[in-house]
>>> print(open('run-v4.cif').read())   # mmCIF, C-alpha atoms
data_coords
loop_
_atom_site.group_PDB
_atom_site.id
_atom_site.type_symbol
_atom_site.label_atom_id
_atom_site.label_comp_id
_atom_site.auth_asym_id
_atom_site.auth_seq_id
_atom_site.Cartn_x
_atom_site.Cartn_y
_atom_site.Cartn_z
ATOM 1 C CA MET F 728 -36.936 122.480 76.589
ATOM 2 C CA ASP F 729 -36.935 125.970 75.170
ATOM 3 C CA THR F 730 -33.968 127.362 73.306
ATOM 4 C CA ILE F 731 -31.926 130.448 74.099
ATOM 5 C CA GLU F 732 -33.561 132.168 71.114
ATOM 6 C CA GLU F 733 -37.052 131.450 72.460
ATOM 7 C CA ARG F 734 -36.106 132.745 75.891
ATOM 8 C CA ASN F 735 -34.703 135.917 74.354
ATOM 9 C CA GLN F 736 -37.959 136.455 72.441
ATOM 10 C CA ASP F 737 -39.960 136.345 75.676
ATOM 11 C CA ARG F 738 -37.558 138.539 77.596
ATOM 12 C CA SER F 739 -38.801 142.068 78.114
ATOM 13 C CA PRO F 740 -37.145 144.827 76.094
ATOM 14 C CA LEU F 741 -37.075 146.983 79.233
ATOM 15 C CA ILE F 742 -35.292 150.305 79.187
ATOM 16 C CA PRO F 743 -32.251 150.012 81.460
ATOM 17 C CA ALA F 744 -32.518 151.840 84.767
ATOM 18 C CA SER F 745 -29.323 153.743 84.003
ATOM 19 C CA ASP F 746 -30.910 155.200 80.873
ATOM 20 C CA LEU F 747 -34.145 156.070 82.674
ATOM 21 C CA ALA F 748 -32.106 157.980 85.238
ATOM 22 C CA GLU F 749 -30.986 160.340 82.462
ATOM 23 C CA TYR F 750 -34.465 161.827 82.361
ATOM 24 C CA GLY F 751 -35.608 161.824 85.976
ATOM 25 C CA ASP F 752 -39.323 161.675 86.747
ATOM 26 C CA LEU F 753 -41.530 162.244 83.719
ATOM 27 C CA PRO F 754 -44.807 164.081 84.390
ATOM 28 C CA LEU F 755 -48.152 162.333 84.635
ATOM 29 C CA PRO F 756 -50.675 163.220 81.906
ATOM 30 C CA SER F 757 -52.905 166.248 82.342
ATOM 31 C CA PRO F 758 -56.667 165.969 81.791
ATOM 32 C CA HIS F 759 -57.552 166.122 78.100
ATOM 33 C CA THR F 760 -59.446 169.060 76.600
ATOM 34 C CA GLU F 761 -62.514 169.084 74.351
ATOM 35 C CA ALA F 762 -60.418 170.611 71.554
ATOM 36 C CA GLU F 763 -57.894 167.804 71.970
ATOM 37 C CA LEU F 764 -60.574 165.104 71.738
ATOM 38 C CA THR F 765 -62.080 166.735 68.647
ATOM 39 C CA ALA F 766 -58.676 166.942 66.952
ATOM 40 C CA LEU F 767 -57.890 163.325 67.785
ATOM 41 C CA ILE F 768 -61.154 162.087 66.303
ATOM 42 C CA GLY F 769 -60.414 164.285 63.280
ATOM 43 C CA LEU F 770 -57.189 162.350 62.711
ATOM 44 C CA LEU F 771 -59.284 159.217 62.334
ATOM 45 C CA LYS F 772 -62.400 160.587 60.592
ATOM 46 C CA TYR F 773 -61.019 162.744 57.784
ATOM 47 C CA PRO F 774 -62.651 162.868 54.305
ATOM 48 C CA GLY F 775 -62.339 159.474 52.650
ATOM 49 C CA SER F 776 -61.395 157.650 55.853
ATOM 50 C CA ARG F 777 -62.356 153.988 56.092
ATOM 51 C CA ILE F 778 -61.442 153.618 59.746
ATOM 52 C CA GLU F 779 -64.283 151.987 61.660
ATOM 53 C CA THR F 780 -62.723 149.698 64.263
ATOM 54 C CA VAL F 781 -60.217 150.798 66.897
ATOM 55 C CA SER F 782 -58.463 149.291 69.885
ATOM 56 C CA VAL F 783 -57.887 151.682 72.779
ATOM 57 C CA GLY F 784 -54.967 151.537 75.204
ATOM 58 C CA HIS F 785 -54.306 153.642 78.285
ATOM 59 C CA SER F 786 -52.172 154.035 81.370
ATOM 60 C CA ARG F 787 -53.778 153.554 84.782
ATOM 61 C CA ASP F 788 -53.546 157.171 85.923
ATOM 62 C CA ASP F 789 -56.835 159.048 86.243
ATOM 63 C CA ALA F 790 -56.300 161.424 83.297
ATOM 64 C CA SER F 791 -55.417 158.658 80.848
ATOM 65 C CA ARG F 792 -58.282 156.466 81.987
ATOM 66 C CA ALA F 793 -60.763 159.333 81.628
ATOM 67 C CA ALA F 794 -59.444 160.242 78.163
ATOM 68 C CA ALA F 795 -59.779 156.645 76.970
ATOM 69 C CA GLU F 796 -63.315 156.352 78.327
ATOM 70 C CA THR F 797 -64.408 159.668 76.818
ATOM 71 C CA PHE F 798 -62.952 158.792 73.435
ATOM 72 C CA SER F 799 -64.564 155.345 73.449
ATOM 73 C CA THR F 800 -67.968 156.853 74.209
ATOM 74 C CA ALA F 801 -67.613 159.467 71.464
ATOM 75 C CA TRP F 802 -66.342 156.930 68.920
ATOM 76 C CA ARG F 803 -69.280 154.592 69.513
ATOM 77 C CA ALA F 804 -71.713 157.517 69.388
ATOM 78 C CA GLY F 805 -70.336 158.354 65.947
ATOM 79 C CA GLY F 806 -70.990 154.854 64.647
ATOM 80 C CA GLY F 807 -67.515 153.408 65.193
ATOM 81 C CA THR F 808 -66.580 150.192 66.954
ATOM 82 C CA VAL F 809 -64.209 149.816 69.897
ATOM 83 C CA LEU F 810 -62.861 146.269 69.684
ATOM 84 C CA THR F 811 -60.988 146.260 72.982
ATOM 85 C CA VAL F 812 -59.762 148.535 75.764
ATOM 86 C CA VAL F 813 -56.427 147.626 77.362
ATOM 87 C CA ASP F 814 -54.633 149.250 80.288
ATOM 88 C CA TRP F 815 -51.103 148.819 81.612
ATOM 89 C CA PRO F 816 -48.986 149.833 84.630
ATOM 90 C CA GLU F 817 -45.901 152.030 84.462
ATOM 91 C CA SER F 818 -43.661 149.043 85.167
ATOM 92 C CA ALA F 819 -44.064 145.402 84.173
ATOM 93 C CA ALA F 820 -42.038 142.207 83.894
ATOM 94 C CA SER F 821 -42.282 141.748 80.131
ATOM 95 C CA TRP F 822 -45.083 143.935 78.656
ATOM 96 C CA LEU F 823 -46.059 140.982 76.475
ATOM 97 C CA ARG F 824 -49.583 140.570 77.880
ATOM 98 C CA PRO F 825 -50.846 144.131 77.235
ATOM 99 C CA ALA F 826 -49.056 144.194 73.871
ATOM 100 C CA THR F 827 -50.761 140.983 72.779
ATOM 101 C CA ARG F 828 -54.186 142.099 74.019
ATOM 102 C CA LEU F 829 -53.857 145.450 72.259
ATOM 103 C CA THR F 830 -53.097 143.878 68.880
ATOM 104 C CA SER F 831 -55.024 140.598 68.880
ATOM 105 C CA ALA F 832 -58.259 142.074 67.477
ATOM 106 C CA THR F 833 -56.549 143.521 64.344
ATOM 107 C CA PRO F 834 -58.245 146.966 64.399
ATOM 108 C CA ASP F 835 -58.170 149.551 61.648
ATOM 109 C CA ALA F 836 -56.329 151.868 64.070
ATOM 110 C CA TRP F 837 -55.120 152.201 67.650
ATOM 111 C CA VAL F 838 -55.843 155.053 70.071
ATOM 112 C CA VAL F 839 -53.546 155.674 73.041
ATOM 113 C CA ALA F 840 -53.917 157.811 76.165
ATOM 114 C CA ALA F 841 -50.830 157.252 78.283
ATOM 115 C CA ALA F 842 -47.904 158.489 80.319
ATOM 116 C CA PRO F 843 -44.651 158.619 78.286
ATOM 117 C CA LEU F 844 -42.581 156.204 80.361
ATOM 118 C CA GLY F 845 -44.982 153.260 80.386
ATOM 119 C CA PHE F 846 -45.834 153.695 76.723
ATOM 120 C CA ALA F 847 -42.156 153.889 75.746
ATOM 121 C CA GLN F 848 -41.627 150.471 77.294
ATOM 122 C CA LEU F 849 -44.834 149.044 75.821
ATOM 123 C CA ALA F 850 -44.014 150.406 72.357
ATOM 124 C CA ARG F 851 -40.682 148.592 72.390
ATOM 125 C CA ARG F 852 -42.494 145.331 73.119
ATOM 126 C CA LEU F 853 -45.176 146.080 70.517
ATOM 127 C CA ARG F 854 -42.607 146.586 67.774
ATOM 128 C CA ARG F 855 -40.595 143.551 68.806
ATOM 129 C CA SER F 856 -43.376 141.008 69.313
ATOM 130 C CA THR F 857 -46.541 142.091 67.443
ATOM 131 C CA ASP F 858 -47.746 143.537 64.135
ATOM 132 C CA TRP F 859 -48.572 146.901 65.740
ATOM 133 C CA ALA F 860 -47.953 149.865 63.431
ATOM 134 C CA PRO F 861 -47.246 153.366 64.816
ATOM 135 C CA ASP F 862 -48.490 154.964 61.581
ATOM 136 C CA ARG F 863 -51.917 153.492 62.309
ATOM 137 C CA THR F 864 -51.918 154.900 65.843
ATOM 138 C CA VAL F 865 -53.124 158.236 67.233
ATOM 139 C CA ALA F 866 -52.484 159.528 70.732
ATOM 140 C CA PHE F 867 -53.538 162.209 73.178
ATOM 141 C CA ALA F 868 -51.292 165.184 73.988
ATOM 142 C CA SER F 869 -49.581 163.395 76.884
ATOM 143 C CA LEU F 870 -47.329 161.607 74.369
ATOM 144 C CA GLN F 871 -46.242 164.802 72.597
ATOM 145 C CA ASP F 872 -42.859 164.561 74.293
ATOM 146 C CA ALA F 873 -39.521 164.191 72.523
ATOM 147 C CA ARG F 874 -38.229 162.200 75.486
ATOM 148 C CA LEU F 875 -40.690 159.478 74.512
ATOM 149 C CA LEU F 876 -38.885 159.023 71.186
ATOM 150 C CA ALA F 877 -35.511 158.909 72.873
ATOM 151 C CA LEU F 878 -36.656 156.357 75.440
ATOM 152 C CA ALA F 879 -38.471 154.133 72.949
ATOM 153 C CA GLY F 880 -35.506 153.976 70.589
ATOM 154 C CA GLU F 881 -34.646 154.558 66.960
ATOM 155 C CA SER F 882 -37.657 154.426 64.601
ATOM 156 C CA VAL F 883 -39.920 152.647 67.114
ATOM 157 C CA LEU F 884 -42.572 155.382 66.943
ATOM 158 C CA ASP F 885 -42.051 156.671 63.414
ATOM 159 C CA GLY F 886 -45.458 157.601 61.991
ATOM 160 C CA LEU F 887 -47.238 158.103 65.320
ATOM 161 C CA ARG F 888 -49.650 161.057 65.299
ATOM 162 C CA GLY F 889 -51.623 162.814 67.980
ATOM 163 C CA ALA F 890 -53.697 165.763 69.163
ATOM 164 C CA CYS F 891 -52.552 168.849 71.055
ATOM 165 C CA ALA F 892 -54.441 170.379 73.963
ATOM 166 C CA ASP F 893 -55.231 173.487 71.870
ATOM 167 C CA GLY F 894 -56.796 171.447 69.065
ATOM 168 C CA GLY F 895 -53.705 171.256 66.890
ATOM 169 C CA THR F 896 -51.972 168.028 65.983
ATOM 170 C CA TRP F 897 -48.490 166.541 66.125
ATOM 171 C CA ASN F 898 -46.652 163.754 64.335
ATOM 172 C CA VAL F 899 -43.444 161.749 64.575
ATOM 173 C CA ARG F 900 -41.255 161.321 61.529
ATOM 174 C CA HIS F 901 -37.566 160.428 61.305
ATOM 175 C CA GLY F 902 -36.795 161.388 64.902
ATOM 176 C CA TRP F 903 -38.758 164.647 64.817
ATOM 177 C CA VAL F 904 -41.893 165.569 66.734
ATOM 178 C CA THR F 905 -43.650 168.210 64.631
ATOM 179 C CA SER F 906 -46.570 170.200 66.027
ATOM 180 C CA VAL F 907 -49.248 171.562 63.704
ATOM 181 C CA ARG F 908 -51.350 174.581 64.588
ATOM 182 C CA PRO F 909 -55.156 174.310 64.611
ATOM 183 C CA ALA F 910 -56.827 175.280 61.339
ATOM 184 C CA ALA F 911 -58.089 178.866 61.221
ATOM 185 C CA ALA F 912 -61.802 179.372 61.836
ATOM 186 C CA GLY F 913 -63.825 178.530 58.751
ATOM 187 C CA LEU F 914 -61.016 176.554 57.073
ATOM 188 C CA THR F 915 -60.903 172.795 56.776
ATOM 189 C CA ALA F 916 -57.786 170.952 55.703
ATOM 190 C CA ALA F 917 -58.312 168.125 53.203
ATOM 191 C CA ARG F 918 -55.980 166.067 55.348
ATOM 192 C CA PRO F 919 -55.089 166.528 59.028
ATOM 193 C CA GLY F 920 -51.680 168.091 59.534
ATOM 194 C CA TRP F 921 -51.260 170.530 56.658
ATOM 195 C CA HIS F 922 -50.747 173.684 58.717
ATOM 196 C CA VAL F 923 -47.067 174.189 59.427
ATOM 197 C CA GLY F 924 -46.068 174.486 63.082
ATOM 198 C CA THR F 925 -42.909 173.872 65.074
ATOM 199 C CA ALA F 926 -40.672 170.841 65.391
ATOM 200 C CA ARG F 927 -38.772 169.120 68.164
ATOM 201 C CA ARG F 928 -36.057 166.607 67.442
ATOM 202 C CA ALA F 929 -35.019 163.684 69.645
ATOM 203 C CA GLU F 930 -31.629 162.170 68.859
ATOM 204 C CA SER F 931 -31.951 158.462 69.612
ATOM 205 C CA GLY F 932 -29.348 155.720 69.852
ATOM 206 C CA ASP F 933 -29.993 151.991 69.758
ATOM 207 C CA ILE F 934 -31.847 152.196 73.067
ATOM 208 C CA VAL F 935 -32.076 155.696 74.432
ATOM 209 C CA ALA F 936 -30.685 159.132 73.733
ATOM 210 C CA LYS F 937 -28.498 160.957 76.208
ATOM 211 C CA ARG F 938 -29.690 163.982 78.103
ATOM 212 C CA SER F 939 -28.361 166.277 75.367
ATOM 213 C CA ALA F 940 -31.238 165.116 73.164
ATOM 214 C CA VAL F 941 -33.608 166.873 75.561
ATOM 215 C CA GLU F 942 -31.489 169.790 76.692
ATOM 216 C CA GLY F 943 -29.801 170.602 73.385
ATOM 217 C CA VAL F 944 -31.111 169.219 70.117
ATOM 218 C CA ASP F 945 -34.673 168.930 71.424
ATOM 219 C CA ASP F 946 -35.414 172.643 71.230
ATOM 220 C CA ILE F 947 -38.319 174.216 69.380
ATOM 221 C CA LEU F 948 -36.976 175.054 65.932
ATOM 222 C CA ASP F 949 -38.090 177.928 63.764
ATOM 223 C CA GLY F 950 -38.979 177.600 60.091
ATOM 224 C CA ARG F 951 -35.492 178.593 58.923
ATOM 225 C CA GLN F 952 -33.952 175.664 60.745
ATOM 226 C CA GLY F 953 -36.517 173.411 59.164
ATOM 227 C CA GLY F 954 -36.639 169.658 59.443
ATOM 228 C CA PRO F 955 -37.875 166.693 57.457
ATOM 229 C CA ASP F 956 -41.516 167.816 57.769
ATOM 230 C CA GLN F 957 -41.061 171.524 57.132
ATOM 231 C CA GLY F 958 -43.468 171.559 54.180
ATOM 232 C CA LEU F 959 -45.866 168.965 55.603
ATOM 233 C CA ALA F 960 -47.426 168.567 52.156
ATOM 234 C CA ASP F 961 -46.546 164.873 52.243
ATOM 235 C CA HIS F 962 -47.913 164.304 55.747
ATOM 236 C CA PRO F 963 -50.012 161.116 55.654
ATOM 237 C CA GLY F 964 -53.692 161.878 56.070
ATOM 238 C CA HIS F 965 -54.557 158.204 56.265
ATOM 239 C CA MET F 966 -53.644 155.397 58.602
ATOM 240 C CA GLY F 967 -51.117 152.994 57.114
#
>>> encode(input="run-v4.cif", output="structure tokens")
Amino acid sequence: MDTIEERNQDRSPLIPASDLAEYGDLPLPSPHTEAELTALIGLLKYPGSRIETVSVGHSRDDASRAAAETFSTAWRAGGGTVLTVVDWPESAASWLRPATRLTSATPDAWVVAAAPLGFAQLARRLRRSTDWAPDRTVAFASLQDARLLALAGESVLDGLRGACADGGTWNVRHGWVTSVRPAAAGLTAARPGWHVGTARRAESGDIVAKRSAVEGVDDILDGRQGGPDQGLADHPGHMG
């Protein structure tokens, strides 16, 4: 007979309905852009990168599915290997099955195209039950949302990086979502993420931040207000 501890391990770390109600309906992802796809691949294939194998995860909405398929095709065309492609619904009983499938192949990196709500729940399961690492994960622009950090919880997504629709990039560090402008024409950064942009901060509690994290603290900050990534010189250009 299983123990209480074993049952607790299998229980889903679902976000309580009362906390979800704080945010209302989160938008579905928009179709990705060519600039976004190029920037995302650039986060994986920078000078000196040794990333060859990836596992791809996506929500079941049309935009996320299309983004995952397009990335997988481009990655294989460039000589990379896609170990597995995993999808998930926006609600599930435990999230353990997609979390296990996404991590079982031990890829060099993970690529995610998803709606914020479903991924927030999956990320909580990933951190609790697998060896998934957010700093070895890149995502499409649909996850560039400070509410995702608040919903997922303190430090769950620290290190996650992604691409913006305009070809810029974004990253999560210490509760901040920092956006980075695209490099100027003719310039190439030695590492992705060296061009200073704007930052959004999500104030998270043990489970989820209150609405003030979105309406108040989560405003676009200017350079004078700063943040932990203001210089961005220490932004990791490698996975892990």
>>> closest_residue(input="run-v4.cif", among="F:Ala826, F:Ile778, F:Leu853, F:Val904", to="Thr808 of chain F", atoms="only C-alpha atoms")
F:Ile778
>>> atom_distance(input="run-v4.cif", atom1="atom CA of Ser786 of chain F", atom2="atom CA of Lys772 of chain F")
24.1 Å
>>> residues_around(input="run-v4.cif", residues="segment 748-765 of chain F", least_positions_apart="2", cutoff="8 Å", atoms="all atoms listed in the file", output="list in words")
Ala744, Ser745, Asp746, Leu767, Ile768, Gly769, Asp788, Ala790, Ser791, Ala793, Ala794, Phe798, Ala841, Ala842, Pro843, Leu844, Phe867, Ala868, Ser869, Arg874, Ala890, Cys891, Ala892, Asp893, Gly894, Gly895, Lys937 and Arg938 of chain F
>>> resolve_selection(input="run-v4.cif", expression="the PyMOL selection byres ((chain F and resi 810-818) around 8)", output="PyMOL selection string")
chain F and resi 780-787+808-809+819-820+825+828-829+832+834+842+844-846
>>> resolve_selection(input="run-v4.cif", expression="the PyMOL selection byres ((chain F and resi 885) around 10)", output="MDAnalysis selection string")
chainID F and resid 860:862 876 881:884 886:888 898:904
>>> write_last_selection(input="run-v4.cif", atoms="C-alpha atoms", output="PDB file, keeping the file's coordinate frame")
ATOM      1  CA  ALA F 860     -47.953 149.865  63.431  1.00  0.00           C
ATOM      2  CA  PRO F 861     -47.246 153.366  64.816  1.00  0.00           C
ATOM      3  CA  ASP F 862     -48.490 154.964  61.581  1.00  0.00           C
ATOM      4  CA  LEU F 876     -38.885 159.023  71.186  1.00  0.00           C
ATOM      5  CA  GLU F 881     -34.646 154.558  66.960  1.00  0.00           C
ATOM      6  CA  SER F 882     -37.657 154.426  64.601  1.00  0.00           C
ATOM      7  CA  VAL F 883     -39.920 152.647  67.114  1.00  0.00           C
ATOM      8  CA  LEU F 884     -42.572 155.382  66.943  1.00  0.00           C
ATOM      9  CA  GLY F 886     -45.458 157.601  61.991  1.00  0.00           C
ATOM     10  CA  LEU F 887     -47.238 158.103  65.320  1.00  0.00           C
ATOM     11  CA  ARG F 888     -49.650 161.057  65.299  1.00  0.00           C
ATOM     12  CA  ASN F 898     -46.652 163.754  64.335  1.00  0.00           C
ATOM     13  CA  VAL F 899     -43.444 161.749  64.575  1.00  0.00           C
ATOM     14  CA  ARG F 900     -41.255 161.321  61.529  1.00  0.00           C
ATOM     15  CA  HIS F 901     -37.566 160.428  61.305  1.00  0.00           C
ATOM     16  CA  GLY F 902     -36.795 161.388  64.902  1.00  0.00           C
ATOM     17  CA  TRP F 903     -38.758 164.647  64.817  1.00  0.00           C
ATOM     18  CA  VAL F 904     -41.893 165.569  66.734  1.00  0.00           C
TER      19      VAL F 904
END
>>> closest_residue(input="run-v4.cif", among="F:Ala836, F:Ala847, F:Leu823, F:Ala766", to="Ile742 of chain F", atoms="all atoms listed in the file")
F:Ala847
>>> closest_residue(input="run-v4.cif", among="F:Ser906, F:Ser856, F:Gln871, F:Ser776", to="Val839 of chain F", atoms="only C-alpha atoms")
F:Gln871
>>> atom_distance(input="run-v4.cif", atom1="atom CA of Thr797 of chain F", atom2="atom CA of Ser821 of chain F")
28.7 Å
>>> decode(input="run-v4.cif", residues="segment 799-810 of chain F", atoms="all heavy atoms", output="compact mmCIF listing (two decimals), in the first residue's frame")
# COMPACT_ATOMS: atom_id res chain seq x y z
N SER F 799 10.49 22.34 -35.78
CA SER F 799 11.04 21.00 -35.92
C SER F 799 11.58 20.77 -37.33
O SER F 799 12.66 20.19 -37.51
CB SER F 799 9.97 19.95 -35.59
OG SER F 799 9.56 20.05 -34.25
N THR F 800 10.84 21.24 -38.32
CA THR F 800 11.29 21.10 -39.71
C THR F 800 12.59 21.88 -39.94
O THR F 800 13.54 21.37 -40.54
CB THR F 800 10.21 21.60 -40.68
OG1 THR F 800 9.03 20.80 -40.52
CG2 THR F 800 10.68 21.52 -42.12
N ALA F 801 12.64 23.11 -39.45
CA ALA F 801 13.83 23.95 -39.63
C ALA F 801 15.02 23.38 -38.88
O ALA F 801 16.16 23.41 -39.37
CB ALA F 801 13.53 25.37 -39.16
N TRP F 802 14.79 22.86 -37.68
CA TRP F 802 15.89 22.31 -36.88
C TRP F 802 16.50 21.08 -37.56
O TRP F 802 17.72 20.94 -37.63
CB TRP F 802 15.38 21.96 -35.49
CG TRP F 802 16.47 21.55 -34.53
CD1 TRP F 802 16.74 20.31 -34.06
CD2 TRP F 802 17.43 22.43 -33.93
NE1 TRP F 802 17.81 20.34 -33.20
CE2 TRP F 802 18.25 21.63 -33.11
CE3 TRP F 802 17.68 23.80 -34.01
CZ2 TRP F 802 19.31 22.17 -32.36
CZ3 TRP F 802 18.74 24.33 -33.27
CH2 TRP F 802 19.53 23.52 -32.46
N ARG F 803 15.66 20.22 -38.07
CA ARG F 803 16.16 19.03 -38.78
C ARG F 803 16.89 19.43 -40.06
O ARG F 803 17.91 18.84 -40.42
CB ARG F 803 15.01 18.09 -39.09
CG ARG F 803 14.37 17.45 -37.86
CD ARG F 803 13.35 16.40 -38.26
NE ARG F 803 12.71 15.77 -37.11
CZ ARG F 803 11.46 15.99 -36.72
NH1 ARG F 803 10.70 16.84 -37.41
NH2 ARG F 803 10.96 15.39 -35.66
N ALA F 804 16.36 20.44 -40.75
CA ALA F 804 16.99 20.89 -41.99
C ALA F 804 18.38 21.45 -41.74
O ALA F 804 19.26 21.39 -42.60
CB ALA F 804 16.12 21.95 -42.68
N GLY F 805 18.59 21.98 -40.53
CA GLY F 805 19.89 22.52 -40.16
C GLY F 805 20.84 21.49 -39.58
O GLY F 805 21.92 21.85 -39.08
N GLY F 806 20.45 20.24 -39.59
CA GLY F 806 21.32 19.18 -39.09
C GLY F 806 21.07 18.76 -37.65
O GLY F 806 21.76 17.88 -37.14
N GLY F 807 20.09 19.37 -37.00
CA GLY F 807 19.79 19.02 -35.61
C GLY F 807 18.86 17.82 -35.52
O GLY F 807 18.29 17.37 -36.52
N THR F 808 18.68 17.34 -34.31
CA THR F 808 17.83 16.18 -34.06
C THR F 808 16.70 16.55 -33.10
O THR F 808 16.94 17.16 -32.06
CB THR F 808 18.64 15.02 -33.44
OG1 THR F 808 19.68 14.64 -34.34
CG2 THR F 808 17.75 13.81 -33.15
N VAL F 809 15.48 16.21 -33.48
CA VAL F 809 14.33 16.36 -32.60
C VAL F 809 14.04 15.00 -31.99
O VAL F 809 13.62 14.07 -32.68
CB VAL F 809 13.10 16.89 -33.36
CG1 VAL F 809 11.88 16.98 -32.43
CG2 VAL F 809 13.39 18.26 -33.97
N LEU F 810 14.28 14.87 -30.70
CA LEU F 810 14.13 13.57 -30.03
C LEU F 810 12.68 13.19 -29.83
O LEU F 810 12.31 12.02 -29.98
CB LEU F 810 14.85 13.59 -28.68
CG LEU F 810 16.36 13.80 -28.72
CD1 LEU F 810 16.92 13.89 -27.31
CD2 LEU F 810 17.04 12.68 -29.50
